[in-house]
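Listing of my_file.txt, compact mmCIF, C-alpha atoms
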```
# COMPACT_ATOMS: atom_id res chain seq x y z
CA MET L 1 8.12 -7.70 -32.13
CA ILE L 2 4.80 -6.80 -30.51
CA GLU L 3 4.92 -5.26 -27.04
CA LEU L 4 2.26 -5.32 -24.33
CA THR L 5 2.60 -2.63 -21.64
CA ILE L 6 0.84 -2.90 -18.28
CA SER L 7 0.51 0.38 -16.37
CA CYS L 8 -1.15 1.79 -13.26
CA SER L 9 -1.68 5.19 -11.64
CA VAL L 10 0.56 6.50 -8.87
CA ALA L 11 -2.33 6.34 -6.39
CA MET L 12 -3.09 2.66 -6.89
CA GLY L 13 -0.40 1.45 -4.51
CA PRO L 14 1.62 -1.79 -4.69
CA LEU L 15 0.28 -4.34 -7.18
CA ASP L 16 1.52 -7.89 -7.73
CA VAL L 17 0.69 -8.49 -11.38
CA SER L 18 0.31 -11.76 -13.27
CA VAL L 19 -0.10 -11.71 -17.06
CA TYR L 20 -1.34 -14.98 -18.57
CA PRO L 21 -0.58 -15.53 -22.30
CA PRO L 22 -3.14 -16.94 -24.74
CA ASP L 23 -1.38 -20.28 -24.84
CA GLU L 24 -1.85 -22.07 -21.52
CA SER L 25 1.45 -23.87 -22.00
CA GLU L 26 3.33 -20.55 -21.70
CA GLN L 27 4.52 -19.37 -18.30
CA PRO L 28 2.78 -16.25 -16.96
CA PHE L 29 4.72 -13.02 -16.51
CA GLU L 30 5.04 -12.01 -12.86
CA PHE L 31 6.10 -8.52 -11.70
CA THR L 32 5.31 -5.69 -9.28
CA LEU L 33 4.04 -2.16 -9.90
CA SER L 34 4.00 0.64 -7.36
CA SER L 35 4.28 4.41 -7.07
CA GLY L 36 7.98 3.97 -7.91
CA THR L 37 7.42 1.80 -11.01
CA LEU L 38 4.23 2.58 -12.90
CA SER L 39 4.57 0.35 -15.96
CA LYS L 40 6.09 -2.85 -17.32
CA THR L 41 6.55 -3.73 -21.01
CA LEU L 42 6.43 -7.37 -22.11
CA PRO L 43 7.01 -9.22 -25.38
CA ALA L 44 3.72 -10.43 -26.80
CA HIS L 45 2.02 -12.06 -29.78
CA ALA L 46 -1.52 -11.99 -31.12
CA GLY L 47 -4.19 -13.37 -28.83
CA ARG L 48 -6.07 -12.71 -25.59
CA TYR L 49 -4.00 -12.00 -22.48
CA THR L 50 -5.45 -12.02 -18.98
CA VAL L 51 -4.06 -9.52 -16.47
CA ILE L 52 -4.67 -10.03 -12.75
CA ALA L 53 -3.34 -7.51 -10.21
CA ARG L 54 -3.37 -8.27 -6.48
CA ARG L 55 -3.15 -5.66 -3.76
CA PRO L 56 -1.53 -6.28 -0.37
CA ASN L 57 -4.96 -6.41 1.26
CA GLY L 58 -5.98 -9.30 -1.01
CA SER L 59 -8.34 -7.46 -3.35
CA LYS L 60 -7.88 -8.01 -7.08
CA LEU L 61 -8.25 -6.23 -10.41
CA ARG L 62 -8.77 -8.15 -13.65
CA ARG L 63 -8.42 -7.03 -17.26
CA ASN L 64 -8.40 -8.83 -20.59
CA ALA L 65 -6.19 -7.63 -23.44
CA ASP L 66 -6.91 -8.69 -27.02
CA VAL L 67 -3.56 -8.16 -28.72
CA SER L 68 -3.55 -7.94 -32.52
CA ASN L 69 -0.51 -7.16 -34.65
CA GLU L 70 0.45 -3.87 -33.00
CA ASP L 71 1.67 -2.71 -29.61
CA MET L 72 -0.92 -2.37 -26.87
CA THR L 73 -1.16 -0.75 -23.41
CA VAL L 74 -3.40 -1.95 -20.60
CA ASN L 75 -4.03 0.69 -17.95
CA LEU L 76 -5.15 -1.05 -14.77
CA ALA L 77 -6.76 2.18 -13.57
CA GLU L 78 -9.38 1.63 -16.27
CA ALA L 79 -10.50 -1.50 -14.41
CA LEU L 80 -11.95 0.81 -11.78
CA ARG L 81 -15.48 2.00 -12.30
CA PRO L 82 -16.23 5.74 -12.09
CA VAL L 83 -16.32 6.88 -8.48
CA PRO L 84 -19.74 8.34 -7.59
CA ASN L 85 -18.21 10.50 -4.85
CA PRO L 86 -14.93 12.19 -5.84
CA LYS L 87 -14.09 12.61 -2.15
CA MET L 88 -13.39 8.86 -2.02
CA GLN L 89 -11.30 8.73 -5.22
CA ARG L 90 -7.99 7.88 -3.51
CA GLU L 91 -9.52 5.20 -1.26
CA ILE L 92 -11.12 3.53 -4.28
CA GLU L 93 -7.92 3.66 -6.34
CA ARG L 94 -5.86 2.17 -3.52
CA GLY L 95 -8.39 -0.59 -3.02
CA ASP L 96 -9.20 0.34 0.58
CA ILE L 97 -12.84 1.00 -0.24
CA ALA L 98 -14.77 -1.32 -2.56
CA LEU L 99 -17.51 -0.21 -4.92
CA PRO L 100 -20.40 -2.68 -5.28
CA THR L 101 -21.03 -3.98 -8.78
CA ARG L 102 -24.11 -5.44 -10.42
CA THR L 103 -22.74 -8.95 -10.01
CA THR L 104 -21.66 -8.76 -6.36
CA GLN L 105 -23.91 -9.61 -3.45
CA PRO L 106 -24.28 -7.25 -0.50
CA SER L 107 -21.48 -7.89 1.99
CA PHE L 108 -21.33 -7.47 5.75
CA GLY L 109 -17.78 -6.22 5.18
CA ALA L 110 -18.75 -3.41 2.80
CA PRO L 111 -17.51 -0.82 2.05
CA LEU L 112 -14.01 -2.16 2.78
CA SER L 113 -12.26 -4.58 0.43
CA GLY L 114 -9.94 -7.57 0.72
CA VAL L 115 -9.01 -9.18 4.02
CA PHE L 116 -10.13 -6.15 6.02
CA ALA L 117 -13.64 -6.49 4.58
CA SER L 118 -13.64 -10.10 5.80
CA ILE L 119 -12.57 -9.07 9.31
CA LEU L 120 -15.19 -6.32 9.43
CA GLY L 121 -17.88 -8.65 8.08
CA ASN L 122 -17.18 -11.31 10.71
CA ALA L 123 -17.28 -8.68 13.45
CA ALA L 124 -20.56 -7.25 12.11
CA VAL L 125 -22.16 -10.71 12.10
CA ARG L 126 -20.94 -11.38 15.63
CA ALA L 127 -22.37 -8.05 16.81
CA ILE L 128 -25.76 -8.93 15.29
CA VAL L 129 -25.78 -12.40 16.85
CA ALA L 130 -24.71 -11.05 20.24
CA GLY L 131 -27.19 -8.19 20.06
CA THR L 132 -24.44 -5.63 20.65
CA LYS L 133 -25.59 -2.13 19.88
CA PRO L 134 -23.39 0.96 19.91
CA PRO L 135 -24.76 4.24 21.29
CA PRO L 136 -27.00 5.97 18.71
CA ASP L 137 -24.67 8.96 18.47
CA LEU L 138 -21.80 6.77 17.21
CA ALA L 139 -23.77 6.68 13.96
CA ALA L 140 -22.81 10.34 13.65
CA PRO L 141 -19.72 10.66 15.84
CA ALA L 142 -18.08 13.82 17.04
CA PHE L 143 -14.45 14.21 16.04
CA ARG L 144 -11.86 15.40 18.53
CA THR L 145 -8.24 16.33 18.07
CA TRP L 146 -5.66 15.75 20.78
CA ARG L 147 -2.06 16.87 21.06
CA PHE L 148 0.70 15.37 23.20
CA ASP L 149 2.62 18.22 24.83
CA GLY L 150 5.39 16.17 26.45
CA ARG L 151 3.57 15.78 29.77
CA GLY L 152 0.20 14.42 28.70
CA TRP L 153 -2.60 14.57 26.17
CA GLN L 154 -4.42 17.85 25.73
CA GLU L 155 -7.58 18.29 23.67
CA ALA L 156 -6.74 20.78 20.95
CA GLN L 157 -8.86 23.09 18.85
CA ALA L 158 -7.65 22.48 15.31
CA PRO L 159 -6.73 25.73 13.51
CA ASP L 160 -8.60 26.63 10.35
CA GLY L 161 -7.43 24.45 7.50
CA ALA L 162 -5.58 21.96 9.71
CA LEU L 163 -8.53 19.58 10.09
CA GLU L 164 -11.35 18.98 7.65
CA VAL L 165 -14.17 16.43 8.10
CA THR L 166 -16.15 15.30 5.07
CA ARG L 167 -19.04 12.83 5.14
CA ALA L 168 -19.58 10.56 2.15
CA ASP L 169 -22.26 7.85 2.40
CA ASP L 170 -21.18 5.67 5.35
CA LEU L 171 -17.69 7.13 5.52
CA TYR L 172 -16.16 10.08 7.34
CA LYS L 173 -12.96 11.46 5.87
CA VAL L 174 -10.74 13.50 8.18
CA THR L 175 -7.99 15.42 6.38
CA ILE L 176 -5.06 16.63 8.48
CA ARG L 177 -2.66 19.16 7.00
CA PRO L 178 0.55 19.47 9.05
CA ALA L 179 1.51 22.70 7.25
CA ALA L 180 -1.43 24.44 8.98
CA ALA L 181 -0.68 22.99 12.40
CA GLY L 182 -0.88 26.38 14.07
CA GLY L 183 2.29 26.42 16.11
CA ASP L 184 2.22 22.89 17.46
CA GLY L 185 5.73 22.43 16.10
CA ALA L 186 7.27 19.86 13.80
CA GLY L 187 7.17 16.35 15.18
CA THR L 188 4.05 16.89 17.28
CA VAL L 189 2.11 13.67 17.93
CA ARG L 190 -1.66 13.94 17.56
CA CYS L 191 -4.66 11.71 18.06
CA ILE L 192 -7.96 11.83 16.15
CA SER L 193 -11.00 10.45 17.99
CA ALA L 194 -14.49 9.55 16.75
CA VAL L 195 -16.62 9.50 19.90
CA ASP L 196 -20.16 9.37 21.23
CA GLY L 197 -21.78 11.82 23.63
CA THR L 198 -19.81 10.49 26.60
CA GLY L 199 -16.46 10.75 24.82
CA PHE L 200 -16.18 7.00 24.20
CA GLY L 201 -15.05 5.66 20.83
CA PRO L 202 -11.98 4.73 18.78
CA HIS L 203 -8.84 6.86 19.09
CA VAL L 204 -6.33 6.82 16.23
CA MET L 205 -2.74 7.92 16.75
CA LEU L 206 -1.42 10.28 14.10
CA PRO L 207 2.37 10.16 13.71
CA PRO L 208 4.09 13.43 12.72
CA PHE L 209 4.06 12.84 8.97
CA ALA L 210 5.81 15.44 6.84
CA ASP L 211 2.88 15.58 4.39
CA PRO L 212 -0.92 15.69 4.73
CA VAL L 213 -2.79 12.56 5.82
CA GLU L 214 -6.36 11.40 5.26
CA LEU L 215 -8.12 9.22 7.84
CA THR L 216 -11.36 7.69 6.62
CA PHE L 217 -13.57 6.37 9.41
CA VAL L 218 -15.99 3.59 8.47
CA LYS L 219 -19.46 3.82 9.98
CA LYS L 220 -19.87 0.03 9.96
CA GLY L 221 -16.60 -0.32 11.86
CA LEU L 222 -17.98 1.96 14.55
CA SER L 223 -21.27 0.05 14.54
CA ALA L 224 -19.50 -3.31 14.95
CA TYR L 225 -18.49 -1.97 18.36
CA ALA L 226 -15.63 -4.46 18.69
CA ILE L 227 -14.26 -2.90 21.85
CA ASP L 228 -12.53 -6.01 23.21
CA ARG L 229 -10.18 -8.04 21.02
CA GLY L 230 -10.57 -10.91 23.46
CA THR L 231 -14.09 -11.39 22.08
CA SER L 232 -13.54 -10.27 18.47
CA PRO L 233 -13.26 -12.89 15.67
CA GLY L 234 -9.76 -14.35 15.83
CA GLN L 235 -8.83 -11.63 18.36
CA GLN L 236 -8.11 -9.39 15.37
CA ARG L 237 -8.23 -5.62 15.27
CA VAL L 238 -11.58 -4.80 13.67
CA PRO L 239 -11.16 -1.91 11.20
CA VAL L 240 -12.61 1.44 12.19
CA ALA L 241 -10.61 3.56 9.72
CA VAL L 242 -8.24 3.46 6.77
CA VAL L 243 -5.29 5.82 6.33
CA ASN L 244 -3.89 7.48 3.22
CA PRO L 245 -0.69 9.51 3.55
CA ALA L 246 -0.38 12.03 0.72
CA ARG L 247 3.17 10.91 -0.14
CA PRO L 248 2.76 7.82 -2.39
CA ALA L 249 5.93 6.07 -1.19
CA VAL L 250 4.81 6.32 2.44
CA ALA L 251 1.32 5.11 1.52
CA ASP L 252 2.75 2.13 -0.39
CA LEU L 253 5.01 1.02 2.46
CA LEU L 254 2.32 1.48 5.10
CA SER L 255 -0.30 -0.48 3.13
CA ALA L 256 2.12 -3.35 2.57
CA LEU L 257 3.23 -3.26 6.20
CA ALA L 258 -0.35 -3.32 7.52
CA SER L 259 -1.41 -6.31 5.40
CA PRO L 260 -1.14 -9.93 6.59
CA ILE L 261 0.83 -11.08 3.53
CA THR L 262 3.01 -9.09 1.14
CA GLN L 263 4.62 -11.32 -1.46
CA SER L 264 6.87 -8.78 -3.16
CA ALA L 265 8.11 -6.82 -0.14
CA GLU L 266 11.74 -6.59 -1.32
CA THR L 267 10.71 -5.32 -4.75
CA ILE L 268 8.34 -2.75 -3.29
CA TRP L 269 11.12 -1.42 -1.05
CA SER L 270 13.58 -1.07 -3.92
CA GLN L 271 10.98 0.71 -6.07
CA VAL L 272 9.55 3.22 -3.61
CA SER L 273 12.14 3.82 -0.87
CA PRO L 274 14.13 6.39 -2.91
CA ASP L 275 11.00 8.56 -2.95
CA LEU L 276 11.01 8.79 0.84
CA VAL L 277 13.74 11.43 0.60
CA GLU L 278 14.09 14.55 -1.51
CA GLN L 279 17.53 13.91 -2.97
CA ALA L 280 18.23 11.03 -5.30
CA ALA L 281 19.30 7.97 -3.33
CA GLN L 282 19.15 4.29 -4.14
CA ASP L 283 20.97 2.27 -1.47
CA THR L 284 19.26 1.50 1.81
CA ASP L 285 22.03 2.91 4.03
CA THR L 286 21.88 6.33 2.36
CA ILE L 287 18.07 6.45 2.50
CA LEU L 288 18.01 5.55 6.19
CA ALA L 289 20.70 8.10 7.00
CA MET L 290 18.80 10.85 5.18
CA LEU L 291 15.55 9.99 6.96
CA LEU L 292 17.20 10.42 10.34
CA ASP L 293 19.09 13.58 9.39
CA LYS L 294 18.07 16.04 12.12
CA PHE L 295 14.93 13.88 12.59
CA ARG L 296 13.03 15.93 10.03
CA LYS L 297 10.92 12.89 9.06
CA PRO L 298 10.47 10.81 12.22
CA ALA L 299 7.24 9.11 11.11
CA GLU L 300 8.67 8.14 7.72
CA ALA L 301 11.84 6.85 9.41
CA LEU L 302 9.80 4.65 11.74
CA ILE L 303 7.74 3.23 8.85
CA ALA L 304 10.92 2.45 6.90
CA ALA L 305 12.45 0.74 9.94
CA HIS L 306 9.30 -1.27 10.65
CA TYR L 307 9.19 -2.33 6.99
CA LEU L 308 12.78 -3.55 6.99
CA LEU L 309 12.38 -5.21 10.38
CA ARG L 310 9.45 -7.27 9.11
CA PHE L 311 10.56 -8.10 5.59
CA SER L 312 14.35 -7.73 5.53
CA PRO L 313 15.73 -7.46 9.08
CA ALA L 314 19.34 -8.08 8.00
CA ARG L 315 19.28 -4.71 6.21
CA LEU L 316 18.42 -2.81 9.41
CA PRO L 317 21.71 -1.73 11.06
CA LEU L 318 21.80 -1.95 14.86
CA GLU L 319 23.30 1.53 15.21
CA TRP L 320 20.64 3.10 13.01
CA ALA L 321 17.87 1.25 14.87
CA GLY L 322 19.27 2.56 18.14
CA ASN L 323 19.17 6.12 16.83
CA LEU L 324 15.43 5.71 16.22
CA CYS L 325 14.95 6.10 19.98
CA HIS L 326 15.52 9.82 19.44
CA ALA L 327 13.26 10.15 16.37
CA SER L 328 10.09 10.68 18.41
CA PRO L 329 11.17 11.09 22.04
CA TYR L 330 7.77 10.33 23.61
CA ALA L 331 6.97 7.30 21.42
CA SER L 332 7.75 3.69 22.25
CA ASP L 333 8.13 2.72 18.60
CA GLY L 334 11.85 3.49 18.24
CA PRO L 335 12.99 1.50 21.29
CA VAL L 336 10.73 -1.41 20.28
CA ILE L 337 12.34 -1.55 16.84
CA ALA L 338 15.81 -1.31 18.41
CA ALA L 339 15.04 -4.22 20.75
CA TRP L 340 13.90 -6.45 17.89
CA ALA L 341 16.88 -5.40 15.77
CA TRP L 342 19.09 -6.86 18.50
CA ILE L 343 17.01 -10.05 18.52
CA TYR L 344 17.19 -10.48 14.73
CA ASN L 345 20.67 -9.07 14.06
CA ARG L 346 22.64 -10.34 17.01
CA PRO L 347 26.34 -9.47 16.50
CA LYS L 348 28.47 -12.57 16.04
CA ASP L 349 30.78 -11.61 18.91
CA ALA L 350 27.98 -10.66 21.34
CA SER L 351 27.43 -12.83 24.39
CA ASP L 352 24.01 -13.94 25.59
CA ASP L 353 24.27 -11.48 28.48
CA THR L 354 25.09 -8.60 26.14
CA VAL L 355 22.10 -9.33 23.92
CA SER L 356 19.78 -9.77 26.91
CA GLU L 357 20.96 -6.52 28.47
CA SER L 358 20.50 -4.58 25.23
CA VAL L 359 17.02 -5.98 24.56
CA SER L 360 15.92 -5.38 28.15
CA ARG L 361 17.28 -1.81 28.12
CA TYR L 362 15.31 -0.89 25.01
CA LEU L 363 12.14 -2.62 26.21
CA SER L 364 12.36 -0.80 29.52
CA MET L 365 12.73 2.47 27.61
CA ALA L 366 9.68 1.62 25.47
CA LEU L 367 7.52 0.78 28.48
CA LYS L 368 8.27 4.14 30.08
CA ARG L 369 7.18 6.13 27.04
CA PRO L 370 3.58 7.38 27.00
CA VAL L 371 2.77 7.09 23.27
CA THR L 372 2.71 4.31 20.68
CA LEU L 373 2.25 5.41 17.06
CA PHE L 374 1.97 2.17 15.07
CA ALA L 375 -0.08 -0.95 15.78
CA ARG L 376 2.87 -3.17 14.91
CA SER L 377 4.93 -1.51 17.66
CA ARG L 378 2.32 -2.44 20.26
CA THR L 379 2.24 -6.05 19.05
CA LEU L 380 6.02 -6.38 18.95
CA LEU L 381 6.35 -4.88 22.41
CA ILE L 382 4.00 -7.44 23.91
CA GLU L 383 5.63 -10.31 22.01
CA ALA L 384 9.07 -9.22 23.23
CA ARG L 385 8.11 -9.63 26.87
CA TRP L 386 9.57 -13.13 26.92
CA PHE L 387 12.97 -11.76 25.87
CA ALA L 388 13.10 -9.17 28.65
CA ALA L 389 14.87 -9.71 31.95
CA GLN L 390 12.58 -10.02 34.94
CA ASN L 391 11.90 -6.63 36.48
CA PRO L 392 9.13 -6.44 39.11
CA ALA L 393 9.08 -2.64 38.79
CA LEU L 394 7.81 -2.95 35.21
CA GLU L 395 5.04 -5.53 35.80
CA ALA L 396 2.32 -2.87 36.06
CA ARG L 397 3.44 -1.37 32.77
CA TRP L 398 3.28 -4.72 31.02
CA THR L 399 -0.28 -5.04 32.33
CA ASP L 400 -1.13 -1.62 30.88
CA MET L 401 0.21 -2.76 27.50
CA GLU L 402 -2.17 -5.71 27.60
CA VAL L 403 -5.12 -3.38 28.23
CA PHE L 404 -4.20 -1.26 25.21
CA TRP L 405 -3.86 -4.44 23.13
CA ARG L 406 -7.27 -5.78 24.17
CA ALA L 407 -8.97 -2.49 23.30
CA GLY L 408 -7.18 -2.31 19.93
CA ALA L 409 -8.92 -1.28 16.71
CA GLY L 410 -7.75 -1.37 13.08
CA ALA L 411 -6.68 1.84 11.34
CA GLY L 412 -4.48 0.87 8.42
CA GLY L 413 -1.41 0.17 10.52
CA LEU L 414 -1.68 3.17 12.84
CA GLU L 415 -2.13 2.49 16.53
CA ALA L 416 -5.83 2.72 17.42
CA PHE L 417 -7.97 1.59 20.32
CA TRP L 418 -11.38 2.04 21.91
CA GLY L 419 -11.55 4.19 25.02
CA ARG L 420 -12.39 7.53 26.58
CA ALA L 421 -9.14 9.38 25.83
CA PRO L 422 -5.78 8.78 24.13
CA ASP L 423 -4.39 7.57 27.47
CA ALA L 424 -7.54 5.75 28.66
CA PRO L 425 -8.24 2.50 26.78
CA GLY L 426 -11.03 0.18 27.82
CA HIS L 427 -14.75 -0.12 28.36
CA SER L 428 -17.38 2.42 29.29
CA ASP L 429 -21.06 2.14 30.20
CA HIS L 430 -21.82 5.31 28.17
CA ALA L 431 -23.22 7.03 31.22
CA GLY L 432 -19.96 8.69 32.08
CA ASN L 433 -18.70 5.88 34.33
CA ASP L 434 -15.45 4.15 33.50
CA HIS L 435 -14.82 0.48 34.17
CA ASP L 436 -11.24 -0.55 34.89
CA ILE L 437 -9.68 2.06 32.64
CA PRO L 438 -5.97 2.36 33.43
CA ARG L 439 -4.03 5.49 32.65
CA ASP L 440 -1.27 5.27 30.08
CA ILE L 441 2.37 5.11 31.10
CA ARG L 442 3.80 8.36 32.43
```
How does the structure come out when it is put into structure tokens?
Amino acid sequence: MIELTISCSVAMGPLDVSVYPPDESEQPFEFTLSSGTLSKTLPAHAGRYTVIARRPNGSKLRRNADVSNEDMTVNLAEALRPVPNPKMQREIERGDIALPTRTTQPSFGAPLSGVFASILGNAAVRAIVAGTKPPPDLAAPAFRTWRFDGRGWQEAQAPDGALEVTRADDLYKVTIRPAAAGGDGAGTVRCISAVDGTGFGPHVMLPPFADPVELTFVKKGLSAYAIDRGTSPGQQRVPVAVVNPARPAVADLLSALASPITQSAETIWSQVSPDLVEQAAQDTDTILAMLLDKFRKPAEALIAAHYLLRFSPARLPLEWAGNLCHASPYASDGPVIAAWAWIYNRPKDASDDTVSESVSRYLSMALKRPVTLFARSRTLLIEARWFAAQNPALEARWTDMEVFWRAGAGAGGLEAFWGRAPDAPGHSDHAGNDHDIPRDIR
């Protein structure tokens, strides 16, 4: 029997693969590859097979395989053209950044790919039509690093080796290495800002990942200057950056979580979730317990919980979700997840009052916390307002949440927004004068 093997590289991220046999009457093979499963072997016969791989962001790879009378392997990584700038190798492999080909027309959404290229392209066209122009120095922004010290945001001087900025064409890659954090301490929440001369620009929250992270800012995203989602196309977050955690399993889950549609979410979880922890573990309960053990991986635990909450909420235990409140004590993300876990996984013997009290307690806790790490947390918090009990004392905080939402920007699933500081979202006239910029929740 002839075998056809389809493979990918560990950096390529989740791929939904369809293999079409030579005979159109035959059913295509459908499967998923990821950093946890790098190949799939299929029975085959002589003829031309067509392989199409779809990423969560909607971009595609296509390869033809002419099978003869012997086994054959198709490496999807070979569908990628050579990368002119090695600094962008990972972004190209993951499909975040698209390389133009001889047959493609120039795109307003370049250099991004998939649905995020479409969002960026629409925003760029709208900016041209409206005559919106960003400050000239946003074409070459200054990068600032902030650290949350438990009382507020402090601008920090990154120690040598902890922060590296590399320019490549119209991209700016910022590499953050937690191991060289210079005494900030494990679990420290940071913010990376790309700002103009007045300090205005997008601010991207950086959760306390256990491994290095690369943030790649897109010059066209800065130039689109989509500083108010109320006027952006479809009120969507216009991308200003893409994110690549060094740990492949974390990168796979975050890319799937940040995308509008992920068809094979359950399969991706089963393939990559064991790699979130050091010891061998397969079942969800063990993996979740290990992630929360002494809160050594708070960011990874929050991503795992967000992933399950979106794609498989029944697998997210209420008790474990409640423990997330302690994972990152200044972040709203844990209480938000806990509130929605109660909404989705209501205990059979719980009364309406019990559920309402639990949801309201967690939402109140979230509103009082000064940091939000993931964009999905901000969205879920605002959507949960209708489940919360009326509390006049919290009305101002709900209003602040709306301001953060309106100023939101896209950064691969991380919380990001336009503003003057990590606690100051909103507009600026670029002359140093703020307009209706509320302070974040204290």
**Study point:** Non-local contacts of Trp269 in chain L (12 Å; all atoms listed in the file; under 3 positions in same chain excluded) as a PyMOL selection string
**Key:** chain L and resi 14+32-37+249-250+252-254+256-257+262-266+272-276+282-284+287+303-308+310-312+315
Practice task
Can you work out the spacing between CA of Ala424 in chain L and CA of Ser332 in chain L in Å, to one decimal?
Solution key: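 So the answer is 16.7 Å.
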Need the shell around range 45-61 of chain L: protein/DNA/RNA residues with any atom at most 9 Å away, counting all atoms listed in the file. Skip same-chain ones fewer than 2 positions apart. Format as a PyMOL selection string?
chain L and resi 1-4+6+12-23+32+43+63-70+74+76+79-80+94-96+98+113-116+255-263
- Message: Given all atoms listed in the file as the basis, pick out the residue of L:Phe108, L:Pro335, L:Gly230, L:Asp353 nearest to Glu402 in chain L.
- Response: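 Looking only at the distances to Glu402 in chain L, the closest residue turns out to be L:Gly230.
Restricting the calculation to only C-alpha atoms, the smallest distance between Val243 in chain L and any of L:Thr175, L:Ser377, L:Gln390, L:Thr132 is found for L:Thr175.
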